[in-house]
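K.L.:
Questions regarding the structure given below will be posed in turn.
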Number of protein chains: 2
Amino acid sequence: MADLKAMAVSRAAANAVKRSRAAAKDLATDGSGEAGLQPGELAEFIGYPLKRAQLRIFEDFLRCVAPLQLTPAQFSVLMLLDRNPGRNQTEIAHTLGILRPNFVAMLDVLESRGLCARMRSANDRRSHIVVLTDKGRSVLSRARKLAAKHEARLTELLGSANRAALLAMLSKIATEF
Amino acid sequence: MADLKAMAVSRAAANAVKRSRAAAKDLATDGSGEAGLQPGELAEFIGYPLKRAQLRIFEDFLRCVAPLQLTPAQFSVLMLLDRNPGRNQTEIAHTLGILRPNFVAMLDVLESRGLCARMRSANDRRSHIVVLTDKGRSVLSRARKLAAKHEARLTELLGSANRAALLAMLSKIATEF
DNA sequence: GATATTTGATATATTCAATAACAATTACCA
DNA sequence: TGGTAATTGTTATTGAATATATCAAATATC
């Protein structure tokens with residue numbers, strides 16, 4: 001199980017490399033005799049650059065956190081568990097926009113890797129309280145450091161103030177649009 | 001074929017509505033006695049708000065362009081065909097980051113709806129030049145108008161200058177990160 | 001106490017994305 | 001020139017992400 005997920009991470013990282021190379025090739029051809037295709041107006045619609053930026057960011061996150069074999073989704077679960085102890089599966093999944101049925105398999109993977117555990121709630125014996133294990137906290141701590149490098153690269157590209165403005169606007173879109 | 005795709009679009013729009021309701025419920029509980037879960041630091045990592053904003057934007061795009069039954073991906077293909085006539089499948093697909101094998105089915109749908117057509121190239125009889133039909137141009141023209149409303153709502157939320165800055169930063173991430 | 005709801009789980013379907021392989025055509029080059 | 005390599009569109013197939021319906025167990029509601 002964990003091995004399958006690990007392979008998936010590695011394969012995603014490999015694909016990221018391929019896409020990067022393709023993009024680099026594009027830039028190269030843009031400057032040379034062959035004219036590259038122009039997105040044109042497409043780049044003026046928010047969805048197009050937004051989706052491409054999201055793919056690029058996830059690629060880089062995956063690459064940076066590859067030593068710990070964590071996907072962005074898995075990282076987000078560990079972060080949420082750390083911040084919100086004593087919550088059950090439904091609450092965690094719902095906060096992340098993950099449907100409960102799909103969250104079961106996600107948790108299975110994390111639990112099989114010893115990063116978190118299901119505990120039967122004393123109050124409500126239907127629900128499983130999800131807790132971070134010591135190993136989970138340790139892995140999360142290291143993941144935060146690796147992800148911080150990824151974030152630092154972005155800050156380097158945009159500048160600190162611009163990055164903050166970007167975060168604010170994206171959050172606003174996610175919550176108020 | 002076209003009907004299947006049409007259903008897919010409608011279903012995606014329906015799901016979008018559900019997610020919006022769930023989010024609204026979250027905001028409601030945040031203000032009431034029950035404390036909502038906090039993403040905490042997670043919101044400081046670019047990937048999290050970026051992904052959520054992308055989902056929200058795509059939801060709204062889908063809703064706005066629903067009368068024409070076009071997904072963001074299909075819209076991007078039509079836009080690219082309009083801007084770059086005389087290109088073959090490989091070139092169009094590559095520019096949009098779509099793998100050639102997956103682009104075949106996408107084109108099949110658009111062609112079966114009469115929005116574009118494959119033309120054998122005179123120079124290179126291996127390749128298919130993809131052209132917009134008159135109907136394709138007509139649908140694209142209407143789609144642009146619907147999408148413009150969607151974009152206007154975003155401008156209303158962020159302000160014109162901020163939206164421009166957002167676009168610039170996302171494009172920079174997509175191309176330079 | 002009977003009925004409805006919630007929780008975690010299973011099974012399943014669909015979409016998106018990725019790889020391998022193939023025939024037809026073209027490019028290369030010895 | 002002829003033989004090999006590369007390219008194009010295509011098919012088949014796989015895996016990952018996302019969505020729905022349904023179920024048993026536990027709880028809530030009335």
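Letters for chains follow the order of the structure tokens (A, B, ...), residue numbers begin at 1 for each chain, and ligand numbers begin at 1 in the order shown.
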Using only C-alpha atoms (C1' of nucleotides), which residues of chain D come within 8 Å of chain B, and what is the closest atom pair for each, with the distance in Å to one decimal? Give it as a Markdown table, sorted by chain and residue number.

P.N.:
| residue | atom | partner | partner_atom | distance |
| --- | --- | --- | --- | --- |
| D:DT8 | C1' | B:Arg126 | CA | 5.2 |
| D:DG9 | C1' | B:Ser127 | CA | 7.1 |
| D:DT10 | C1' | B:Pro101 | CA | 7.3 |

K.L.:
Given a cut-off of 10 Å, which residues of chain C touch chain B, counting only C-alpha atoms (C1' of nucleotides), written out as a PyMOL selection string?

P.N.:
chain C and resi 14-19+24-26

K.L.:
Would you mind reading off the distance between atom CA of Leu146 of chain B and atom CA of Arg87 of chain B, one decimal, in Å?

P.N.:
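Computed distance, atom CA of Leu146 of chain B to atom CA of Arg87 of chain B, equals 26.5 Å.
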
K.L.:
Show me, as a list in words, the residues of chain B whose atoms get within 6 Å of chain A, using only C-alpha atoms for the distance check.

P.N.:
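So the residues of chain B near chain A are Pro49, Leu50, Arg52, Ala53, Leu170, Ser171, Ile173 and Ala174 of chain B.
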
K.L.:
For the alpha helix (DSSP H) assignment from backbone DSSP, which residues of segment 5-166 of chain B qualify? Please present them as an MDAnalysis selection string.

P.N.:
chainID B and resid 5:31 47:64 72:83 89:95 100:112 134:158 160:166

K.L.:
What is the atom CA of Leu132 of chain A to atom CA of Ala117 of chain A distance in Å?

P.N.:
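Between these atoms lies a distance of 6.5 Å.
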
K.L.:
If you count only C-alpha atoms (C1' of nucleotides), which residues fall within 9 Å of DC28 of chain C, apart from same-chain ones fewer than 2 positions away, as a ChimeraX atom specification?

P.N.:
/D:4-6

K.L.:
So which one's closest to Val130 of chain B, B:Ala161, B:Ala93, B:Arg142, B:Ala152? Using only C-alpha atoms, please.

P.N.:
B:Ala93

K.L.:
Would you compute the distance between atom CA of Gly114 of chain B and atom CA of Thr133 of chain B? Give it in Å to one decimal.

P.N.:
6.9 Å

K.L.:
Assign secondary structure with DSSP using the backbone only, and return the residues of chain A in strand (DSSP E) as a list in words.

P.N.:
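The strand (DSSP E) residues within chain A come out as Cys116, Ala117, Arg118, Met119, Arg120, His128, Ile129, Val130, Val131 and Leu132 of chain A.
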
K.L.:
Under the rule of at most 9 Å, produce a per-residue listing of chain D near segment 1-8 of chain C: chain, number, name, the closest pair of atoms, and the distance in Å, as a Markdown table, using only C-alpha atoms (C1' of nucleotides).

P.N.:
| residue | atom | partner | partner_atom | distance |
| --- | --- | --- | --- | --- |
| D:DA25 | C1' | C:DT7 | C1' | 8.6 |
| D:DA26 | C1' | C:DT7 | C1' | 8.0 |
| D:DT27 | C1' | C:DT6 | C1' | 7.3 |
| D:DA28 | C1' | C:DT5 | C1' | 6.8 |
| D:DT29 | C1' | C:DA4 | C1' | 7.4 |
| D:DC30 | C1' | C:DT3 | C1' | 8.6 |
